[in-house]
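As stored in final-v8.tsv (TSV, C-alpha atoms):
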```tsv
chain	number	residue	atom	x	y	z
A	1	MET	CA	106.62	110.21	107.08
A	2	GLU	CA	104.42	107.68	108.75
A	3	LYS	CA	102.87	105.03	106.53
A	4	CYS	CA	99.50	106.32	105.33
A	5	ARG	CA	96.76	103.78	104.63
A	6	LEU	CA	93.76	105.00	102.67
A	7	VAL	CA	90.47	103.42	101.65
A	8	PHE	CA	88.27	105.11	99.05
A	9	SER	CA	84.74	103.70	98.98
A	10	GLY	CA	81.64	104.44	96.97
A	11	ALA	CA	79.47	103.00	94.24
A	12	GLY	CA	80.67	101.49	90.98
A	13	GLY	CA	81.18	104.20	88.39
A	14	GLN	CA	82.10	106.96	90.85
A	15	GLY	CA	85.75	106.54	89.97
A	16	VAL	CA	87.17	105.46	93.33
A	17	ILE	CA	89.51	102.98	91.65
A	18	THR	CA	90.82	105.58	89.23
A	19	ALA	CA	91.32	108.06	92.07
A	20	ALA	CA	93.32	105.47	93.99
A	21	ILE	CA	95.51	104.67	90.98
A	22	VAL	CA	96.15	108.36	90.29
A	23	LEU	CA	97.13	108.92	93.92
A	24	ALA	CA	99.44	105.91	94.03
A	25	GLU	CA	101.13	106.83	90.76
A	26	ALA	CA	101.55	110.45	91.82
A	27	ALA	CA	103.14	109.44	95.12
A	28	ALA	CA	105.50	106.93	93.57
A	29	LEU	CA	106.45	108.49	90.26
A	30	HIS	CA	106.64	112.15	91.29
A	31	ASP	CA	106.93	112.35	95.08
A	32	ASP	CA	109.58	109.66	95.38
A	33	LEU	CA	107.51	107.56	97.77
A	34	ASN	CA	106.49	103.91	97.62
A	35	ALA	CA	102.87	103.06	96.97
A	36	ILE	CA	100.66	100.05	96.56
A	37	GLN	CA	97.12	100.07	95.30
A	38	THR	CA	94.64	97.23	95.58
A	39	GLN	CA	91.04	96.35	94.95
A	40	SER	CA	89.26	93.19	95.73
A	41	TYR	CA	86.03	91.94	94.28
A	42	GLY	CA	83.95	89.30	95.95
A	43	PRO	CA	80.31	88.72	96.80
A	44	GLU	CA	80.27	92.13	98.52
A	45	ALA	CA	81.39	93.90	95.32
A	46	ARG	CA	78.45	92.37	93.49
A	47	GLY	CA	76.26	93.92	96.19
A	48	GLY	CA	77.14	97.50	95.39
A	49	ALA	CA	79.80	99.19	97.50
A	50	THR	CA	83.21	99.41	95.81
A	51	ARG	CA	86.43	100.00	97.67
A	52	SER	CA	89.95	100.69	96.62
A	53	ASP	CA	92.97	100.75	98.92
A	54	VAL	CA	96.22	102.70	98.76
A	55	ILE	CA	99.25	102.58	101.04
A	56	ILE	CA	101.86	105.32	100.72
A	57	SER	CA	105.15	105.23	102.55
A	58	ASP	CA	108.75	106.33	102.32
A	59	THR	CA	109.82	102.87	103.40
A	60	THR	CA	109.13	99.43	101.92
A	61	ILE	CA	105.53	98.26	102.13
A	62	HIS	CA	105.29	94.60	103.09
A	63	PHE	CA	101.60	93.87	103.39
A	64	PRO	CA	99.47	95.35	100.62
A	65	LYS	CA	96.00	95.20	102.16
A	66	VAL	CA	94.59	97.98	104.32
A	67	LEU	CA	92.99	96.63	107.48
A	68	GLN	CA	92.51	99.92	109.35
A	69	PRO	CA	92.78	103.03	107.22
A	70	ASN	CA	94.17	106.31	108.55
A	71	ILE	CA	91.97	107.98	105.96
A	72	LEU	CA	88.62	106.53	104.93
A	73	VAL	CA	86.54	108.24	102.25
A	74	CYS	CA	82.88	107.27	101.79
A	75	LEU	CA	81.02	108.63	98.79
A	76	THR	CA	77.74	106.79	99.33
A	77	GLN	CA	75.58	105.84	102.29
A	78	GLU	CA	76.00	102.17	101.46
A	79	ALA	CA	79.79	102.49	101.45
A	80	TYR	CA	79.64	104.39	104.73
A	81	ASN	CA	77.40	101.82	106.39
A	82	LYS	CA	79.68	99.06	105.28
A	83	TYR	CA	83.08	100.53	106.00
A	84	TYR	CA	82.88	103.19	108.76
A	85	SER	CA	83.77	100.62	111.38
A	86	ILE	CA	87.19	99.84	109.89
A	87	ILE	CA	88.61	103.34	110.47
A	88	ARG	CA	91.78	103.43	112.55
A	89	PRO	CA	91.11	105.04	115.95
A	90	GLY	CA	92.15	108.66	115.62
A	91	GLY	CA	91.87	108.43	111.84
A	92	LEU	CA	90.13	110.73	109.41
A	93	LEU	CA	86.71	109.96	107.93
A	94	ILE	CA	85.82	112.06	104.87
A	95	LEU	CA	82.23	111.94	103.67
A	96	ASP	CA	80.30	113.49	100.85
A	97	SER	CA	77.63	115.58	102.56
A	98	ARG	CA	75.08	115.05	99.81
A	99	PHE	CA	75.22	111.28	99.77
A	100	VAL	CA	76.06	110.35	103.35
A	101	THR	CA	74.23	111.20	106.55
A	102	THR	CA	75.42	109.87	109.86
A	103	ASN	CA	74.60	110.02	113.51
A	104	ILE	CA	77.07	107.40	114.54
A	105	LYS	CA	79.99	108.54	116.64
A	106	ALA	CA	83.11	107.06	115.12
A	107	ALA	CA	86.44	107.00	116.95
A	108	ALA	CA	87.70	109.27	114.20
A	109	ARG	CA	87.65	112.84	113.02
A	110	GLN	CA	84.60	113.06	110.77
A	111	ILE	CA	84.50	115.67	107.98
A	112	ALA	CA	81.50	116.00	105.67
A	113	LEU	CA	82.25	118.03	102.54
A	114	PRO	CA	79.90	119.09	99.71
A	115	MET	CA	82.17	117.61	97.06
A	116	TYR	CA	79.51	116.38	94.68
A	117	GLN	CA	77.43	119.55	95.02
A	118	THR	CA	80.44	121.79	94.40
A	119	VAL	CA	81.44	119.83	91.31
A	120	MET	CA	77.92	119.98	89.91
A	121	ASP	CA	77.41	123.68	90.71
A	122	THR	CA	80.78	124.75	89.33
A	123	ILE	CA	81.68	122.30	86.58
A	124	GLY	CA	78.39	120.52	85.96
A	125	LYS	CA	80.00	117.15	85.16
A	126	PRO	CA	79.84	114.28	87.66
A	127	ILE	CA	82.80	112.48	86.05
A	128	VAL	CA	85.28	114.68	87.95
A	129	PHE	CA	83.69	114.01	91.36
A	130	ASN	CA	86.48	111.51	92.08
A	131	ILE	CA	89.23	114.04	91.35
A	132	CYS	CA	87.52	116.62	93.56
A	133	MET	CA	87.56	113.98	96.31
A	134	LEU	CA	91.28	113.46	95.71
A	135	GLY	CA	91.79	117.22	96.02
A	136	ALA	CA	89.94	117.21	99.35
A	137	VAL	CA	92.09	114.34	100.63
A	138	ILE	CA	95.36	116.08	99.81
A	139	GLY	CA	93.99	119.46	100.95
A	140	ILE	CA	93.27	118.03	104.39
A	141	SER	CA	96.19	115.66	104.71
A	142	ASP	CA	99.01	117.33	102.78
A	143	LEU	CA	99.98	113.79	101.82
A	144	ILE	CA	101.55	114.58	98.47
A	145	GLN	CA	102.12	117.56	96.16
A	146	PRO	CA	99.10	118.59	94.06
A	147	GLU	CA	101.47	119.08	91.12
A	148	SER	CA	102.26	115.36	91.26
A	149	ILE	CA	98.57	114.60	90.80
A	150	ILE	CA	98.42	116.95	87.85
A	151	LYS	CA	101.44	115.31	86.22
A	152	VAL	CA	99.68	111.95	86.41
A	153	LEU	CA	96.41	113.37	85.08
A	154	GLN	CA	98.33	114.75	82.11
A	155	THR	CA	99.37	111.23	81.14
A	156	ARG	CA	95.97	109.62	81.74
A	157	ILE	CA	93.28	112.11	80.77
A	158	PRO	CA	92.50	113.20	77.21
A	159	ALA	CA	93.68	116.80	76.68
A	160	ALA	CA	90.10	118.05	76.29
A	161	TYR	CA	89.25	116.94	79.84
A	162	LEU	CA	92.40	118.04	81.59
A	163	ALA	CA	91.19	121.53	82.50
A	164	ILE	CA	88.04	120.32	84.29
A	165	ASN	CA	90.02	117.66	86.13
A	166	GLU	CA	92.50	120.25	87.33
A	167	GLN	CA	89.62	122.53	88.32
A	168	ALA	CA	87.97	119.70	90.25
A	169	LEU	CA	91.26	119.00	92.05
A	170	ARG	CA	91.56	122.67	93.08
A	171	LEU	CA	87.93	122.80	94.22
A	172	GLY	CA	88.50	119.75	96.38
A	173	MET	CA	91.67	121.23	97.85
A	174	GLY	CA	89.71	124.39	98.65
A	175	LEU	CA	87.07	122.35	100.46
A	176	GLY	CA	89.66	120.36	102.38
A	177	GLU	CA	92.27	122.94	103.32
A	178	PRO	CA	90.26	124.57	106.18
A	179	TYR	CA	90.46	121.18	107.91
A	180	ALA	CA	94.23	120.74	107.51
A	181	PRO	CA	96.01	120.24	110.83
B	1	MET	CA	88.76	75.84	89.65
B	2	GLU	CA	92.28	76.19	90.90
B	3	LYS	CA	93.35	79.64	92.04
B	4	CYS	CA	94.84	81.47	89.05
B	5	ARG	CA	97.54	84.06	89.69
B	6	LEU	CA	98.40	86.39	86.83
B	7	VAL	CA	101.00	89.10	86.35
B	8	PHE	CA	100.70	91.49	83.41
B	9	SER	CA	103.92	93.43	82.78
B	10	GLY	CA	104.98	96.03	80.28
B	11	ALA	CA	105.82	99.71	79.99
B	12	GLY	CA	103.80	102.57	81.43
B	13	GLY	CA	101.04	103.55	79.03
B	14	GLN	CA	100.55	100.11	77.51
B	15	GLY	CA	97.44	99.61	79.61
B	16	VAL	CA	98.49	96.63	81.71
B	17	ILE	CA	96.77	98.10	84.79
B	18	THR	CA	93.53	98.67	82.90
B	19	ALA	CA	93.66	95.14	81.47
B	20	ALA	CA	94.09	93.74	84.97
B	21	ILE	CA	91.17	95.75	86.33
B	22	VAL	CA	88.92	94.70	83.44
B	23	LEU	CA	89.82	91.04	83.99
B	24	ALA	CA	89.23	91.22	87.75
B	25	GLU	CA	85.91	92.99	87.36
B	26	ALA	CA	84.76	90.58	84.66
B	27	ALA	CA	85.61	87.56	86.81
B	28	ALA	CA	83.94	88.91	89.92
B	29	LEU	CA	80.93	90.76	88.60
B	30	HIS	CA	79.91	88.45	85.76
B	31	ASP	CA	81.58	85.07	86.28
B	32	ASP	CA	80.70	84.80	89.98
B	33	LEU	CA	84.33	84.35	91.04
B	34	ASN	CA	86.41	86.23	93.57
B	35	ALA	CA	89.18	88.48	92.34
B	36	ILE	CA	91.82	90.79	93.70
B	37	GLN	CA	93.88	93.21	91.68
B	38	THR	CA	97.02	94.97	92.84
B	39	GLN	CA	99.77	97.21	91.63
B	40	SER	CA	102.77	98.40	93.51
B	41	TYR	CA	104.95	101.34	92.69
B	42	GLY	CA	108.40	101.70	94.10
B	43	PRO	CA	111.89	102.56	92.87
B	44	GLU	CA	111.52	99.84	90.22
B	45	ALA	CA	108.35	101.46	88.83
B	46	ARG	CA	110.25	104.69	88.34
B	47	GLY	CA	112.74	102.66	86.31
B	48	GLY	CA	110.27	101.68	83.61
B	49	ALA	CA	108.67	98.24	83.86
B	50	THR	CA	105.10	98.30	85.17
B	51	ARG	CA	103.35	95.29	86.57
B	52	SER	CA	99.84	94.58	87.67
B	53	ASP	CA	98.68	91.45	89.49
B	54	VAL	CA	95.36	89.63	89.48
B	55	ILE	CA	94.25	86.60	91.47
B	56	ILE	CA	91.05	84.84	90.45
B	57	SER	CA	89.48	82.07	92.48
B	58	ASP	CA	86.18	80.49	93.36
B	59	THR	CA	87.23	80.47	96.99
B	60	THR	CA	88.29	83.27	99.34
B	61	ILE	CA	91.61	84.91	98.50
B	62	HIS	CA	93.68	85.56	101.61
B	63	PHE	CA	96.96	86.98	100.40
B	64	PRO	CA	96.61	89.57	97.65
B	65	LYS	CA	100.12	89.64	96.19
B	66	VAL	CA	101.27	87.32	93.44
B	67	LEU	CA	104.64	85.76	94.22
B	68	GLN	CA	104.72	83.11	91.47
B	69	PRO	CA	102.23	83.64	88.65
B	70	ASN	CA	100.60	80.76	86.79
B	71	ILE	CA	100.32	83.17	83.87
B	72	LEU	CA	102.93	85.86	83.23
B	73	VAL	CA	102.50	88.28	80.33
B	74	CYS	CA	105.43	90.42	79.20
B	75	LEU	CA	104.80	93.16	76.66
B	76	THR	CA	108.32	94.65	76.62
B	77	GLN	CA	111.85	93.32	76.74
B	78	GLU	CA	112.50	95.23	79.94
B	79	ALA	CA	109.46	93.68	81.61
B	80	TYR	CA	110.53	90.25	80.41
B	81	ASN	CA	114.09	90.67	81.68
B	82	LYS	CA	112.80	91.76	85.02
B	83	TYR	CA	110.00	89.31	85.61
B	84	TYR	CA	110.57	86.08	83.66
B	85	SER	CA	112.21	84.48	86.67
B	86	ILE	CA	109.11	84.71	88.87
B	87	ILE	CA	107.00	82.37	86.72
B	88	ARG	CA	105.57	79.38	88.57
B	89	PRO	CA	107.24	76.15	87.36
B	90	GLY	CA	104.90	74.67	84.77
B	91	GLY	CA	103.26	78.07	84.27
B	92	LEU	CA	102.47	79.93	81.09
B	93	LEU	CA	104.64	82.77	79.79
B	94	ILE	CA	102.95	84.90	77.10
B	95	LEU	CA	105.15	87.34	75.19
B	96	ASP	CA	104.58	89.87	72.48
B	97	SER	CA	106.73	88.65	69.60
B	98	ARG	CA	107.48	92.14	68.34
B	99	PHE	CA	108.78	93.55	71.61
B	100	VAL	CA	110.33	90.54	73.33
B	101	THR	CA	113.07	88.24	72.14
B	102	THR	CA	114.36	85.47	74.35
B	103	ASN	CA	116.80	82.65	74.33
B	104	ILE	CA	116.43	81.82	77.97
B	105	LYS	CA	114.85	78.49	78.81
B	106	ALA	CA	112.22	79.15	81.43
B	107	ALA	CA	110.62	76.35	83.43
B	108	ALA	CA	107.37	77.34	81.76
B	109	ARG	CA	105.45	77.01	78.55
B	110	GLN	CA	106.54	79.99	76.48
B	111	ILE	CA	104.20	81.42	73.82
B	112	ALA	CA	105.19	84.39	71.69
B	113	LEU	CA	102.24	85.99	69.89
B	114	PRO	CA	102.19	88.87	67.37
B	115	MET	CA	99.64	90.81	69.41
B	116	TYR	CA	100.95	94.31	68.75
B	117	GLN	CA	101.52	93.62	65.05
B	118	THR	CA	98.03	92.16	64.61
B	119	VAL	CA	96.41	95.13	66.33
B	120	MET	CA	98.36	97.59	64.20
B	121	ASP	CA	97.75	95.73	60.94
B	122	THR	CA	94.04	95.21	61.55
B	123	ILE	CA	92.85	98.12	63.70
B	124	GLY	CA	95.76	100.55	63.43
B	125	LYS	CA	95.38	101.87	66.98
B	126	PRO	CA	97.87	100.90	69.68
B	127	ILE	CA	95.44	101.79	72.49
B	128	VAL	CA	93.68	98.44	72.18
B	129	PHE	CA	96.91	96.41	72.42
B	130	ASN	CA	96.08	95.68	76.06
B	131	ILE	CA	92.63	94.30	75.23
B	132	CYS	CA	94.11	92.12	72.50
B	133	MET	CA	96.49	90.77	75.14
B	134	LEU	CA	93.52	90.06	77.41
B	135	GLY	CA	91.86	88.19	74.54
B	136	ALA	CA	94.99	86.08	74.07
B	137	VAL	CA	95.07	85.25	77.79
B	138	ILE	CA	91.49	84.06	77.87
B	139	GLY	CA	91.85	82.34	74.47
B	140	ILE	CA	94.72	80.24	75.81
B	141	SER	CA	93.53	79.75	79.36
B	142	ASP	CA	89.74	79.69	79.11
B	143	LEU	CA	89.85	81.46	82.47
B	144	ILE	CA	86.60	83.41	82.13
B	145	GLN	CA	83.86	84.02	79.57
B	146	PRO	CA	84.71	86.55	76.84
B	147	GLU	CA	81.18	87.96	77.23
B	148	SER	CA	82.07	88.94	80.80
B	149	ILE	CA	84.96	91.03	79.48
B	150	ILE	CA	82.67	92.69	76.98
B	151	LYS	CA	80.13	93.54	79.69
B	152	VAL	CA	82.86	95.31	81.67
B	153	LEU	CA	84.15	97.12	78.59
B	154	GLN	CA	80.62	98.39	77.98
B	155	THR	CA	80.66	100.15	81.34
B	156	ARG	CA	84.18	101.54	81.07
B	157	ILE	CA	84.81	102.44	77.44
B	158	PRO	CA	83.17	105.33	75.58
B	159	ALA	CA	80.64	103.98	73.07
B	160	ALA	CA	82.70	105.21	70.12
B	161	TYR	CA	85.61	102.94	71.12
B	162	LEU	CA	83.66	99.86	72.07
B	163	ALA	CA	83.74	98.25	68.63
B	164	ILE	CA	87.54	98.38	68.29
B	165	ASN	CA	87.96	97.05	71.83
B	166	GLU	CA	85.71	94.13	71.09
B	167	GLN	CA	87.55	93.55	67.81
B	168	ALA	CA	90.89	93.59	69.65
B	169	LEU	CA	89.55	91.08	72.18
B	170	ARG	CA	88.46	88.71	69.38
B	171	LEU	CA	91.79	89.08	67.57
B	172	GLY	CA	93.60	88.20	70.76
B	173	MET	CA	91.37	85.19	71.32
B	174	GLY	CA	92.09	84.07	67.77
B	175	LEU	CA	95.83	84.32	68.42
B	176	GLY	CA	95.57	82.46	71.70
B	177	GLU	CA	93.07	79.68	70.97
B	178	PRO	CA	95.46	77.44	68.99
B	179	TYR	CA	97.48	77.14	72.20
B	180	ALA	CA	94.57	76.22	74.45
B	181	PRO	CA	95.09	72.91	76.25
```
Please lay out the structure from this file as structure tokens.
Amino acid sequence: MEKCRLVFSGAGGQGVITAAIVLAEAAALHDDLNAIQTQSYGPEARGGATRSDVIISDTTIHFPKVLQPNILVCLTQEAYNKYYSIIRPGGLLILDSRFVTTNIKAAARQIALPMYQTVMDTIGKPIVFNICMLGAVIGISDLIQPESIIKVLQTRIPAAYLAINEQALRLGMGLGEPYAP
Amino acid sequence: MEKCRLVFSGAGGQGVITAAIVLAEAAALHDDLNAIQTQSYGPEARGGATRSDVIISDTTIHFPKVLQPNILVCLTQEAYNKYYSIIRPGGLLILDSRFVTTNIKAAARQIALPMYQTVMDTIGKPIVFNICMLGAVIGISDLIQPESIIKVLQTRIPAAYLAINEQALRLGMGLGEPYAP
């Protein structure tokens, strides 16, 4: 596989850091890949937009920061405004269609998905928005096995919440799969 | 302040990643510092010992990985065996006295604290072991304000668990403070 560099961005509390950790753990512990996961906090973090980076590779990863992501996810307008310009040319930009509107032409494939709306209509709990987003990412990119995500969720999520997390993952995959290459 | 580089190490499930994220967020969002937090997963992560890195600074942080920590925490023997050699000469090595025994002379100040035992004797719930560890770190190092940690916990921990987390933090500070410079 080619090295895949991802940036998940959004507002504090939307769970982008958790989503990144779940993805990195799933890749490394269950898909036999290497992964590194980073977040940095500076004056910009105090301003609002949060970002979390993941690199996944089957070879050693030397530099842990993502400069140009292959996959950039933006869950809020503020995160989009701040980060859309870092996308790798030819990369994939995944947006939540409720929270982000855009007229800018990026040098990337731009996919707006109703992730938040689908979670709210079907499950009614915003806390699994981040896992729906993760489902969309792996539905589109086929980056890792969904079962690997579920194995990680089983170790991290209280049993009572596991079913809605798995449902959110499947919903996201359903939204993403039509866009798979 | 001087740049402080920390590595928290232990076994999966002990919460070293969460502790690192809480510390980084507290430093950046409430103590007006910059912070970066990283974890990498490779073949060694599949073997058992987990590690999570944090850098805290009042200036810009350029390289996000910790090569030689000023503060290294080891919560298991396996983590200790694997990581004790990376400590920065003159650094601080904090061990859990129940899980780690050592006869090796490190070029560091070595402090073994009964963190796990104190949590179990006083609170009886191992899930707050990681927050007790965080309390010990800030009790010894005075790195950031304890109130900043509590503010982050308030946003991340369900209300029902907040009291035992705060208690664990105070217990850890009590264990650490006698060793403050």
- With a distance cut-off of 8 Å and all atoms listed in the file, select the neighbouring residues of B:Arg51, excluding the residue or stretch itself and same-chain residues fewer than 6 positions from it, and output the selection as a PyMOL selection string. chain B and resi 7-10+16-17+39-40
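What separates atom CA of B:Ala26 from atom CA of B:Phe129 is a distance of 18.2 Å.
Nearest to B:Thr102 of all the residues B:Cys74, B:Val137, B:Leu33, B:Ile61 is B:Cys74, based on all atoms listed in the file.
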- Message: Taking all atoms listed in the file into account, find every residue of chain B that has an atom no more than 12 Å from chain A, and write it out as number ranges by chain.
- Response: B: 12-15, 17-18, 20-48, 50-66, 152, 154-157
- What would the list of residues within 10 Å of (96.3, 86.0, 82.9) (file frame) look like as a PyMOL selection string, if all atoms listed in the file are what count? chain B and resi 4-8+19-20+23+53-56+69-73+92-94+133-138+140-143
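Atom CA of A:Gln145 sits 20.9 Å away from atom CA of A:Leu113.
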- Length of the atom CA of A:Lys3 to atom CA of A:Val100 vector [Å]: 27.5 Å
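Compared by their closest atoms to A:Ile104, and using all atoms listed in the file, the residues A:Asn81, A:Gln68, A:Asn165, A:Thr76 rank with A:Asn81 nearest.
With all atoms listed in the file as the basis for measurement, B:Leu75 is the residue among B:Pro178, B:Leu75, B:Leu153, B:Leu162 that approaches B:Tyr116 most closely.
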